[in-house]
>>> print(open('query.txt').read())   # compact mmCIF, C-alpha atoms
# COMPACT_ATOMS: atom_id res chain seq x y z
CA MET A 1 8.49 -17.43 5.18
CA ASP A 2 10.45 -19.89 3.02
CA TYR A 3 14.16 -19.94 2.15
CA GLU A 4 13.70 -18.07 -1.15
CA ASP A 5 11.84 -15.24 0.61
CA ILE A 6 14.64 -14.92 3.18
CA ILE A 7 17.26 -14.65 0.39
CA TYR A 8 15.11 -12.12 -1.45
CA LEU A 9 14.63 -10.01 1.68
CA ALA A 10 18.33 -10.15 2.57
CA VAL A 11 19.33 -9.00 -0.93
CA LEU A 12 16.86 -6.09 -0.81
CA ILE A 13 18.13 -4.90 2.57
CA GLY A 14 21.75 -5.33 1.49
CA SER A 15 21.06 -3.24 -1.63
CA ILE A 16 19.88 -0.39 0.57
CA PHE A 17 23.21 -0.25 2.42
CA VAL A 18 25.17 -0.50 -0.85
CA GLY A 19 23.43 2.67 -2.01
CA TYR A 20 25.21 4.74 0.63
CA PHE A 21 28.53 4.07 -1.11
CA PHE A 22 27.11 3.97 -4.64
CA GLN A 23 25.80 7.55 -4.54
CA LYS A 24 29.28 8.81 -3.60
CA ILE A 25 30.79 7.56 -6.86
CA GLN A 26 31.29 10.62 -9.08
CA SER A 27 32.35 8.96 -12.34
CA PRO A 28 29.26 8.12 -14.48
CA GLU A 29 31.08 5.27 -16.19
CA THR A 30 32.17 3.71 -12.91
CA LYS A 31 28.64 4.09 -11.58
CA ARG A 32 27.18 2.48 -14.68
CA TRP A 33 29.40 -0.60 -14.53
CA PHE A 34 29.11 -0.97 -10.75
CA SER A 35 25.32 -0.84 -10.99
CA THR A 36 25.13 -3.34 -13.84
CA ILE A 37 27.51 -5.87 -12.32
CA LEU A 38 25.74 -5.68 -8.96
CA GLY A 39 22.32 -5.97 -10.63
CA THR A 40 23.41 -9.05 -12.57
CA VAL A 41 24.82 -10.66 -9.42
CA ILE A 42 21.58 -9.92 -7.53
CA CYS A 43 19.48 -11.53 -10.27
CA THR A 44 21.74 -14.58 -10.34
CA VAL A 45 21.63 -15.00 -6.55
CA VAL A 46 17.83 -14.65 -6.40
CA CYS A 47 16.81 -16.76 -9.42
CA GLY A 48 19.85 -18.84 -10.40
CA PHE A 49 20.15 -19.92 -14.03
CA HIS A 50 16.72 -18.38 -14.74
CA VAL A 51 18.65 -15.10 -15.10
CA LEU A 52 19.32 -16.32 -18.65
CA HIS A 53 15.71 -15.44 -19.49
CA GLY A 54 16.38 -11.82 -18.59
CA ILE A 55 19.57 -11.78 -20.65
CA CYS A 56 17.79 -13.30 -23.67
CA VAL A 57 14.94 -10.78 -23.71
CA THR A 58 17.39 -7.90 -23.14
CA LEU A 59 19.53 -8.94 -26.12
CA THR A 60 16.44 -9.46 -28.29
CA ILE A 61 14.97 -6.04 -27.63
CA GLY A 62 18.44 -4.46 -27.74
CA LEU A 63 18.85 -5.80 -31.30
CA ILE A 64 15.38 -4.55 -32.27
CA ILE A 65 16.21 -1.06 -31.00
CA LYS A 66 19.58 -1.10 -32.78
CA PHE A 67 18.24 -2.03 -36.21
CA SER A 68 14.79 -0.42 -36.16
CA TYR A 69 14.07 3.19 -35.26
CA ARG A 70 10.59 3.57 -36.67
CA TYR A 71 8.98 0.31 -35.57
CA CYS A 72 11.07 -0.65 -32.54
CA HIS A 73 8.26 0.17 -30.07
CA GLY A 74 5.69 -2.17 -31.65
CA LEU A 75 8.21 -4.96 -32.31
CA SER A 76 9.64 -4.71 -28.78
CA PHE A 77 6.16 -4.77 -27.26
CA ALA A 78 5.34 -7.96 -29.16
CA ALA A 79 8.72 -9.56 -28.41
CA GLY A 80 8.65 -8.70 -24.71
CA PHE A 81 5.15 -10.01 -24.03
CA LEU A 82 5.52 -13.07 -26.25
CA TYR A 83 8.64 -13.96 -24.30
CA LEU A 84 6.58 -13.67 -21.11
CA VAL A 85 4.29 -16.39 -22.54
CA PHE A 86 7.29 -18.64 -23.18
CA PHE A 87 8.73 -17.79 -19.76
CA ARG A 88 5.53 -18.97 -18.07
CA THR A 89 5.14 -22.15 -20.12
CA THR A 90 8.71 -23.45 -20.00
CA GLU A 91 7.64 -26.80 -18.56
CA TYR A 92 6.16 -27.66 -21.98
CA PHE A 93 9.67 -27.27 -23.42
CA ASN A 94 11.35 -29.42 -20.75
CA ILE A 95 12.80 -26.33 -19.10
CA PRO A 96 12.35 -25.97 -15.30
CA TYR A 97 9.57 -23.58 -14.35
CA PRO A 98 10.92 -20.24 -13.02
CA THR A 99 10.56 -19.29 -9.37
CA GLY A 100 8.20 -16.57 -8.18
CA HIS A 101 11.04 -14.12 -7.65
CA ALA A 102 12.43 -14.85 -11.13
CA ASN A 103 8.96 -14.03 -12.46
CA MET A 104 9.00 -10.64 -10.70
CA ILE A 105 12.42 -9.82 -12.20
CA GLN A 106 11.21 -10.81 -15.67
CA MET A 107 8.07 -8.70 -15.30
CA ILE A 108 9.89 -5.48 -14.44
CA LEU A 109 12.53 -6.16 -17.12
CA THR A 110 9.78 -6.44 -19.72
CA LEU A 111 8.31 -3.06 -18.78
CA LYS A 112 11.70 -1.34 -18.77
CA LEU A 113 12.79 -2.72 -22.13
CA VAL A 114 9.49 -2.09 -23.89
CA GLY A 115 9.35 1.38 -22.32
CA LEU A 116 12.87 2.09 -23.61
CA ALA A 117 11.78 1.12 -27.13
CA PHE A 118 8.90 3.60 -26.88
CA GLU A 119 11.29 6.30 -25.67
CA VAL A 120 13.61 5.66 -28.63
CA HIS A 121 10.67 5.79 -31.04
CA ASP A 122 9.39 9.02 -29.50
CA ASN A 123 12.86 10.54 -29.88
CA HIS A 124 12.74 9.65 -33.56
CA VAL A 125 9.39 11.44 -33.86
CA THR A 126 10.75 14.48 -31.99
CA GLU A 127 13.80 14.71 -34.28
CA ARG A 128 11.55 14.64 -37.33
CA LYS A 129 9.42 17.42 -35.83
CA MET A 130 12.49 19.52 -35.13
CA LYS A 131 13.55 19.29 -38.77
CA LYS A 132 10.13 20.44 -39.93
CA ASP A 133 8.99 22.92 -37.28
CA GLU A 134 10.80 23.57 -34.01
CA LYS A 135 7.77 25.34 -32.50
CA SER A 136 5.83 22.08 -32.28
CA VAL A 137 8.51 20.54 -30.01
CA THR A 138 7.98 21.03 -26.27
CA ASP A 139 10.61 21.43 -23.55
CA GLN A 140 9.72 17.99 -22.29
CA ASP A 141 10.36 16.49 -25.73
CA ILE A 142 13.82 18.09 -25.78
CA TYR A 143 14.58 16.92 -22.23
CA ARG A 144 13.76 13.34 -23.19
CA LEU A 145 16.06 13.35 -26.23
CA PHE A 146 19.07 11.06 -25.94
CA PRO A 147 21.42 9.29 -28.38
CA LYS A 148 20.18 5.93 -29.58
CA PRO A 149 21.47 3.42 -27.01
CA SER A 150 23.77 0.58 -27.99
CA ILE A 151 23.03 -3.02 -26.98
CA LEU A 152 25.49 -2.63 -24.10
CA GLU A 153 23.71 0.53 -22.90
CA VAL A 154 20.38 -1.32 -23.07
CA PHE A 155 21.91 -4.04 -20.90
CA HIS A 156 23.20 -1.44 -18.41
CA TYR A 157 19.70 0.05 -18.06
CA ALA A 158 17.94 -3.31 -17.81
CA PHE A 159 20.19 -4.66 -15.07
CA CYS A 160 20.64 -1.50 -13.00
CA TYR A 161 20.62 -2.88 -9.45
CA ALA A 162 18.16 -0.26 -8.21
CA GLY A 163 14.68 -1.57 -8.93
CA VAL A 164 15.81 -4.79 -10.62
CA LEU A 165 13.94 -7.05 -8.18
CA THR A 166 10.52 -5.47 -7.62
CA GLY A 167 10.64 -2.16 -9.42
CA PRO A 168 9.60 0.59 -9.37
CA TYR A 169 9.51 1.25 -13.09
CA PHE A 170 11.60 4.22 -14.18
CA THR A 171 12.40 5.57 -17.63
CA TYR A 172 15.75 5.49 -19.40
CA CYS A 173 15.89 9.27 -18.93
CA THR A 174 15.63 8.83 -15.17
CA TYR A 175 18.41 6.24 -15.26
CA ARG A 176 20.66 8.58 -17.26
CA ASP A 177 19.94 11.44 -14.86
CA MET A 178 21.11 9.31 -11.94
CA LEU A 179 24.48 8.98 -13.67
CA LYS A 180 24.56 12.54 -14.96
CA TYR A 181 23.73 14.46 -11.77
CA PRO A 182 25.67 12.95 -8.84
CA LEU A 183 25.23 14.76 -5.51
CA LYS A 184 28.14 14.83 -3.08
CA GLU A 185 26.51 16.39 -0.04
CA CYS A 186 22.90 15.27 -0.27
CA LYS A 187 21.64 14.14 3.16
CA LEU A 188 18.09 13.64 1.95
CA HIS A 189 18.86 10.07 0.83
CA VAL A 190 19.30 8.78 4.37
CA GLN A 191 16.46 10.88 5.80
CA GLU A 192 13.98 9.72 3.16
CA THR A 193 15.11 6.11 3.46
CA LEU A 194 14.48 6.14 7.20
CA LYS A 195 10.99 7.53 6.59
CA ILE A 196 10.25 4.89 3.98
CA VAL A 197 11.39 1.88 6.01
CA ALA A 198 10.12 3.09 9.40
CA TYR A 199 6.96 0.98 9.21
CA VAL A 200 8.48 -2.08 7.52
CA PRO A 201 9.04 -3.90 10.87
CA LEU A 202 5.36 -3.37 11.74
CA PHE A 203 4.24 -4.60 8.32
CA SER A 204 6.51 -7.64 8.75
CA ILE A 205 5.08 -8.57 12.15
CA LEU A 206 1.51 -8.19 10.88
CA TYR A 207 2.32 -10.22 7.78
CA LEU A 208 3.94 -13.10 9.64
CA GLY A 209 1.25 -13.19 12.33
CA ALA A 210 -1.70 -13.07 9.93
CA SER A 211 -0.09 -15.64 7.58
CA LYS A 212 0.18 -18.09 10.44
CA VAL A 213 -3.45 -17.65 11.52
CA PHE A 214 -5.00 -17.41 8.03
CA PRO A 215 -2.87 -19.48 5.60
CA LEU A 216 -3.89 -19.30 1.96
CA HIS A 217 -3.66 -23.06 1.35
CA VAL A 218 -6.77 -23.60 3.52
CA LEU A 219 -8.88 -22.36 0.61
CA PHE A 220 -7.87 -25.42 -1.41
CA SER A 221 -9.25 -27.90 1.18
CA ASP A 222 -12.82 -29.25 1.28
CA GLU A 223 -12.91 -28.93 5.09
CA PHE A 224 -12.93 -25.14 4.80
CA TYR A 225 -16.13 -25.14 2.76
CA ASN A 226 -17.85 -28.01 4.60
CA GLN A 227 -17.08 -27.10 8.21
CA SER A 228 -16.58 -23.32 8.33
CA PRO A 229 -19.61 -21.07 9.01
CA PHE A 230 -20.57 -18.42 6.47
CA PRO A 231 -19.25 -15.40 8.48
CA TYR A 232 -15.85 -17.07 8.81
CA ARG A 233 -15.69 -17.88 5.10
CA LEU A 234 -16.59 -14.29 4.29
CA TRP A 235 -14.02 -12.95 6.75
CA TYR A 236 -11.29 -15.10 5.20
CA MET A 237 -11.13 -12.97 2.06
CA TYR A 238 -10.50 -9.89 4.22
CA SER A 239 -7.70 -11.77 6.00
CA THR A 240 -5.99 -12.97 2.82
CA PHE A 241 -6.18 -9.48 1.30
CA PHE A 242 -4.69 -8.02 4.47
CA ILE A 243 -1.76 -10.47 4.22
CA PHE A 244 -1.32 -9.61 0.53
CA ARG A 245 -1.22 -5.87 1.31
CA MET A 246 1.36 -6.28 4.08
CA ARG A 247 3.57 -8.35 1.78
CA MET A 248 3.32 -5.75 -0.98
CA TYR A 249 3.96 -2.87 1.42
CA ILE A 250 7.17 -4.54 2.60
CA ALA A 251 8.40 -5.19 -0.95
CA PHE A 252 7.43 -1.74 -2.26
CA ARG A 253 8.94 0.15 0.65
CA LEU A 254 12.24 -1.72 0.55
CA SER A 255 12.45 -1.32 -3.23
CA GLU A 256 11.84 2.41 -2.93
CA ALA A 257 14.55 2.60 -0.26
CA VAL A 258 17.06 0.93 -2.61
CA CYS A 259 16.36 3.55 -5.29
CA ILE A 260 16.50 6.44 -2.84
CA MET A 261 19.85 5.41 -1.41
CA ALA A 262 21.20 5.06 -4.96
CA GLY A 263 20.03 8.58 -5.78
CA LEU A 264 17.66 7.30 -8.49
CA GLY A 265 14.63 9.49 -9.16
CA LEU A 266 15.94 12.52 -7.29
CA TYR A 267 14.70 15.76 -8.88
CA PRO A 268 14.13 19.40 -7.87
CA VAL A 269 10.65 20.04 -6.53
CA SER A 270 10.33 22.90 -9.02
CA THR A 271 10.35 20.38 -11.91
CA LYS A 272 7.15 18.80 -10.53
CA PRO A 273 8.31 15.19 -11.01
CA ARG A 274 5.65 12.52 -11.50
CA ALA A 275 5.70 8.86 -10.50
CA GLY A 276 7.35 6.76 -13.21
CA SER A 277 7.72 9.68 -15.60
CA GLY A 278 10.13 12.14 -13.97
CA PRO A 279 10.27 15.95 -14.38
CA SER A 280 7.35 17.62 -16.12
CA CYS A 281 8.50 21.28 -16.29
CA ASN A 282 11.29 23.75 -15.44
CA PHE A 283 13.94 21.42 -16.89
CA GLU A 284 16.68 24.05 -16.66
CA ALA A 285 16.65 23.50 -12.88
CA LEU A 286 18.34 20.13 -13.40
CA SER A 287 21.65 21.78 -14.18
CA GLU A 288 21.62 23.40 -10.72
CA MET A 289 20.98 20.22 -8.73
CA ASN A 290 24.39 20.13 -7.05
CA LYS A 291 23.82 23.60 -5.58
CA MET A 292 20.40 22.94 -4.08
CA SER A 293 19.63 22.53 -0.37
CA SER A 294 18.02 19.47 1.18
CA GLY A 295 14.50 20.85 0.92
CA GLY A 296 14.79 21.59 -2.80
CA TYR A 297 14.15 18.15 -4.25
CA ASN A 298 12.19 14.91 -3.74
CA PHE A 299 11.86 11.29 -4.90
CA GLU A 300 8.36 11.51 -6.32
CA THR A 301 9.53 9.81 -9.53
CA ILE A 302 10.05 6.45 -7.81
CA ASP A 303 7.15 6.79 -5.34
CA THR A 304 5.36 3.45 -5.66
CA ILE A 305 2.54 3.50 -3.15
CA ARG A 306 0.92 5.89 -0.70
CA VAL A 307 -0.19 3.55 2.02
CA LEU A 308 -2.53 5.80 3.99
CA ASP A 309 -4.20 7.18 0.86
CA ALA A 310 -4.68 3.68 -0.55
CA GLU A 311 -6.08 2.36 2.72
CA PHE A 312 -8.46 5.17 3.65
CA SER A 313 -9.71 6.53 0.32
CA THR A 314 -13.42 5.81 0.06
CA THR A 315 -13.64 4.56 -3.54
CA VAL A 316 -11.95 1.95 -5.69
CA ARG A 317 -11.21 4.58 -8.35
CA GLU A 318 -9.41 6.79 -5.85
CA ALA A 319 -7.54 3.95 -4.15
CA THR A 320 -6.10 2.58 -7.40
CA ARG A 321 -4.41 5.92 -8.08
CA TYR A 322 -2.17 5.38 -5.06
CA TRP A 323 -1.28 1.73 -5.76
CA ASN A 324 1.84 0.77 -7.77
CA ARG A 325 1.93 4.23 -9.29
CA SER A 326 4.95 3.77 -11.58
CA ILE A 327 3.37 0.71 -13.22
CA GLN A 328 0.17 2.67 -13.70
CA TYR A 329 2.22 5.34 -15.49
CA TRP A 330 3.62 2.70 -17.85
CA LEU A 331 0.16 1.33 -18.63
CA ALA A 332 -1.23 4.82 -19.18
CA ALA A 333 1.69 6.07 -21.31
CA TYR A 334 2.28 3.02 -23.50
CA VAL A 335 -1.10 1.27 -23.65
CA TYR A 336 -4.06 3.50 -22.77
CA ARG A 337 -2.99 6.69 -24.55
CA ARG A 338 -1.66 4.91 -27.63
CA PHE A 339 -4.37 2.33 -28.26
CA PRO A 340 -6.07 3.47 -31.47
CA PHE A 341 -9.67 2.49 -30.60
CA LYS A 342 -10.96 4.91 -27.98
CA LYS A 343 -13.96 2.76 -27.07
CA TYR A 344 -11.76 -0.16 -25.99
CA LYS A 345 -8.86 1.70 -24.35
CA THR A 346 -9.82 0.79 -20.79
CA LEU A 347 -10.53 -2.84 -21.67
CA MET A 348 -7.19 -3.22 -23.47
CA THR A 349 -5.32 -1.59 -20.57
CA PHE A 350 -6.77 -4.06 -18.07
CA PHE A 351 -6.09 -6.95 -20.45
CA ILE A 352 -2.42 -6.01 -20.82
CA SER A 353 -2.16 -5.57 -17.05
CA SER A 354 -3.65 -9.06 -16.51
CA PHE A 355 -1.44 -10.57 -19.21
CA TRP A 356 1.64 -8.95 -17.67
CA HIS A 357 0.82 -10.41 -14.25
CA GLY A 358 0.45 -13.94 -15.59
CA ILE A 359 -1.62 -16.50 -17.46
CA HIS A 360 -3.66 -17.75 -14.50
CA ALA A 361 -7.42 -17.22 -14.45
CA GLY A 362 -7.30 -15.37 -11.11
CA TYR A 363 -5.48 -12.39 -12.62
CA TYR A 364 -8.09 -11.90 -15.33
CA PHE A 365 -11.00 -12.51 -12.96
CA SER A 366 -9.81 -9.90 -10.47
CA LEU A 367 -8.48 -7.22 -12.83
CA PHE A 368 -11.35 -7.43 -15.33
CA SER A 369 -13.83 -7.06 -12.47
CA VAL A 370 -12.47 -3.59 -11.68
CA PRO A 371 -13.87 -1.64 -14.69
CA LEU A 372 -17.30 -3.25 -14.19
CA TYR A 373 -17.39 -2.17 -10.57
CA LEU A 374 -16.06 1.29 -11.44
CA PHE A 375 -19.15 1.83 -13.61
CA VAL A 376 -21.38 0.95 -10.65
CA GLU A 377 -19.31 2.99 -8.22
CA ASP A 378 -19.26 6.09 -10.43
CA THR A 379 -23.03 5.93 -10.82
CA PHE A 380 -23.50 5.48 -7.07
CA VAL A 381 -21.17 8.35 -6.17
CA LYS A 382 -22.75 10.67 -8.70
CA ARG A 383 -26.34 10.04 -7.60
CA VAL A 384 -26.06 9.15 -3.91
CA ILE A 385 -22.86 10.61 -2.47
CA LYS A 386 -21.94 13.70 -4.48
CA HIS A 387 -24.85 15.97 -3.53
CA ASP A 388 -25.34 14.75 0.02
CA GLN A 389 -22.04 13.81 1.61
CA ASN A 390 -21.90 12.64 5.21
CA LYS A 391 -19.62 10.44 7.28
CA LEU A 392 -22.02 7.49 7.33
CA LYS A 393 -22.31 7.35 3.52
CA ASN A 394 -18.56 7.67 3.09
CA PHE A 395 -18.03 4.91 5.65
CA LEU A 396 -20.44 2.62 3.79
CA LEU A 397 -18.72 3.42 0.49
CA TRP A 398 -15.31 2.65 2.03
CA ASN A 399 -16.66 -0.70 3.28
CA ALA A 400 -17.96 -1.49 -0.19
CA LYS A 401 -14.50 -0.69 -1.60
CA MET A 402 -12.73 -3.00 0.86
CA PHE A 403 -15.35 -5.71 0.27
CA GLN A 404 -14.69 -5.73 -3.47
CA PHE A 405 -10.92 -5.40 -3.14
CA SER A 406 -10.79 -8.31 -0.70
CA TYR A 407 -12.75 -10.54 -3.07
CA TRP A 408 -10.55 -9.60 -6.03
CA GLY A 409 -7.42 -9.95 -3.91
CA LEU A 410 -8.36 -13.51 -2.94
CA ALA A 411 -8.88 -14.45 -6.59
CA PHE A 412 -5.58 -12.77 -7.52
CA GLN A 413 -3.69 -14.91 -5.00
CA VAL A 414 -5.57 -18.19 -5.44
CA LYS A 415 -5.27 -18.00 -9.27
CA ASP A 416 -7.07 -21.33 -9.83
CA SER A 417 -10.46 -20.87 -11.53
CA ILE A 418 -12.06 -23.90 -9.84
CA VAL A 419 -11.12 -22.70 -6.34
CA ILE A 420 -12.26 -19.14 -7.18
CA TRP A 421 -15.66 -20.47 -8.28
CA LYS A 422 -15.89 -22.73 -5.25
CA TYR A 423 -15.17 -19.86 -2.88
CA GLY A 424 -17.62 -17.57 -4.68
CA MET A 425 -20.34 -20.20 -4.28
CA SER A 426 -19.52 -20.58 -0.57
CA VAL A 427 -20.12 -16.85 0.08
CA TYR A 428 -23.13 -16.73 -2.31
CA PHE A 429 -21.27 -14.26 -4.56
CA ALA A 430 -21.96 -11.55 -2.00
CA PRO A 431 -19.68 -8.91 -3.63
CA TYR A 432 -21.75 -9.11 -6.83
CA ILE A 433 -24.96 -8.76 -4.85
CA VAL A 434 -23.59 -5.66 -3.09
CA ALA A 435 -22.61 -4.12 -6.46
CA ILE A 436 -26.06 -4.83 -7.95
CA VAL A 437 -27.81 -3.32 -4.93
CA MET A 438 -25.60 -0.22 -5.15
CA TYR A 439 -26.47 0.24 -8.80
CA PHE A 440 -30.24 -0.09 -8.32
CA VAL A 441 -30.17 2.23 -5.32
CA ALA A 442 -28.34 4.80 -7.44
CA VAL A 443 -30.77 4.42 -10.33
CA LEU A 444 -33.88 4.66 -8.16
CA ILE A 445 -32.78 7.72 -6.18
CA LYS A 446 -33.62 11.00 -7.90
>>> encode(input="query.txt", output="structure tokens")
Amino acid sequence: MDYEDIIYLAVLIGSIFVGYFFQKIQSPETKRWFSTILGTVICTVVCGFHVLHGICVTLTIGLIIKFSYRYCHGLSFAAGFLYLVFFRTTEYFNIPYPTGHANMIQMILTLKLVGLAFEVHDNHVTERKMKKDEKSVTDQDIYRLFPKPSILEVFHYAFCYAGVLTGPYFTYCTYRDMLKYPLKECKLHVQETLKIVAYVPLFSILYLGASKVFPLHVLFSDEFYNQSPFPYRLWYMYSTFFIFRMRMYIAFRLSEAVCIMAGLGLYPVSTKPRAGSGPSCNFEALSEMNKMSSGGYNFETIDTIRVLDAEFSTTVREATRYWNRSIQYWLAAYVYRRFPFKKYKTLMTFFISSFWHGIHAGYYFSLFSVPLYLFVEDTFVKRVIKHDQNKLKNFLLWNAKMFQFSYWGLAFQVKDSIVIWKYGMSVYFAPYIVAIVMYFVAVLIK
């Protein structure tokens, strides 16, 4: 673990403790300014002068939202993702390349700002519907209505300290609800935080131990391919994916804990909140939040990952539903459902996801492999598993899932196309062979 990781971890843990005092602030305006100032300080501490990138994109999209109601969503989408291209190619402009943690901050900022532009646009559509025919407007549309935010309010939302480092993604409505519905006597914050962080020490030990035994840089050396036996080379992708998962579990859990202690994403259970989105029904219950008991609400809105479900689900399709759930909501709500060409919705969604992660070949190789394997997996499940389920078949399917995920995970971390090809050659592209065998088995079985 390098110096930057230590700073990042210390800031995350410190933000959790700050939340205990933050949630006790009753004045929405005081809360808003406290959150923004702290979020700006956190970004500056973690990424130094690279925080200027975040300020620039926030001001740009803030201006777009201010002066364009009808087209702000499309313009903001273009501006946000084009700035990501500039952000990741700054060395060509004689600007120092941003750190990895600065990249994570910029990524989540992009989603929040573009998502806000879509929310503003949707409000415009809802207001037009209300003028024509109120019956066509749903309760959820009315709940999501809010006054058009000023540039300062956009800045407040973008730099809210909860979620500013690693996410999770949350809507502007969720942010406003945090300020609007303060809870004086809610003990669930501490209880849920303790549940969330309970396994972080274990994840940390496993991460540090595995990183020492199976360092990623070995994959860039010729000795690994010339001297290591085939089983060891094959095992290495499992090891690197294990390290990647432990690192992500630590970051996700601590980020969730920051939001929980701040009271962000807290909603009554009766509103059936969804990850990333927030309440989906029974919106009148929000006005009674201060009177509810501890068992009456949850933090499903900012739930990022369900570790056990992701680990032990038998298929890739099922496992992906439990991974980075708030980001998946953003991709579904603002890319998949809105892309005009139905035939290419899935392809465009994976492209935007890859583009958001970065410009390296490894992101596209790993993420674009998923829909291809899903076709094979769906065929296999339908013909082989569905009508004759047993523990052995489910175990084999789970192994196939982990085999593919490990291969994609290695490519995602290595990033370099030459090293990815070199490693694939060294293991004889075994994951592809497994997928092809699965498909032909499924086709041949009646």
>>> residues_near_point(input="query.txt", point="(9.1, -3.4, -29.6)", cutoff="12 Å", atoms="all atoms listed in the file", output="VMD selection string")
chain A and resid 57 to 58 60 to 83 110 to 121 334
>>> residues_around(input="query.txt", residues="Tyr407 in chain A", least_positions_apart="2", cutoff="9 Å", atoms="only C-alpha atoms", output="PyMOL selection string")
chain A and resi 237-238+241+366+402-405+409-412+424+431
>>> closest_residue(input="query.txt", among="A:Phe375, A:Ile433, A:Cys47, A:Ile327", to="Gln106 in chain A", atoms="only C-alpha atoms")
A:Cys47
>>> closest_atom_pairs(input="query.txt", of="range 415-443 of chain A", to="range 205-219 of chain A", cutoff="12 Å", atoms="all atoms listed in the file", output="Markdown table")
| residue | atom | partner | partner_atom | distance |
| --- | --- | --- | --- | --- |
| A:Lys415 | CA | A:Leu219 | CA | 11.4 |
| A:Asp416 | CA | A:Leu219 | CA | 10.6 |
| A:Ile418 | CA | A:Leu219 | CA | 11.0 |
| A:Val419 | CA | A:Leu219 | CA | 7.3 |
| A:Ile420 | CA | A:Leu219 | CA | 9.1 |
| A:Trp421 | CA | A:Leu219 | CA | 11.3 |
| A:Lys422 | CA | A:Leu219 | CA | 9.1 |
| A:Tyr423 | CA | A:Leu219 | CA | 7.6 |
| A:Gly424 | CA | A:Leu219 | CA | 11.3 |
| A:Ser426 | CA | A:Leu219 | CA | 10.9 |
>>> axis_aligned_box(input="query.txt", around="range 340-357 of chain A", padding_each_side="3 Å", output="lines of an AutoDock Vina configuration file")
center_x = -6.2
center_y = -2.8
center_z = -22.9
size_x = 21.6
size_y = 21.5
size_z = 23.2
>>> closest_residue(input="query.txt", among="A:Leu38, A:Ala332, A:Val137, A:Leu347", to="Val370 in chain A", atoms="all atoms listed in the file")
A:Leu347
>>> closest_residue(input="query.txt", among="A:Pro279, A:Gly54, A:Pro231, A:Pro201", to="Leu165 in chain A", atoms="only C-alpha atoms")
A:Gly54
>>> atom_distance(input="query.txt", atom1="CA of Thr36 in chain A", atom2="CA of Tyr161 in chain A")
6.3 Å
>>> closest_residue(input="query.txt", among="A:Thr320, A:Gln328, A:Asn298, A:Ser313", to="Glu192 in chain A", atoms="only C-alpha atoms")
A:Asn298
>>> residues_around(input="query.txt", residues="Phe170 in chain A", least_positions_apart="4", cutoff="10 Å", atoms="only C-alpha atoms", output="list in words")
Ile108, Leu111, Lys112, Gly115, Leu116, Tyr157, Ala162, Gly163, Thr174, Tyr175, Leu264, Gly265, Ala275, Gly276, Ser277, Gly278, Thr301, Ile302, Ser326, Ile327, Tyr329 and Trp330 of chain A
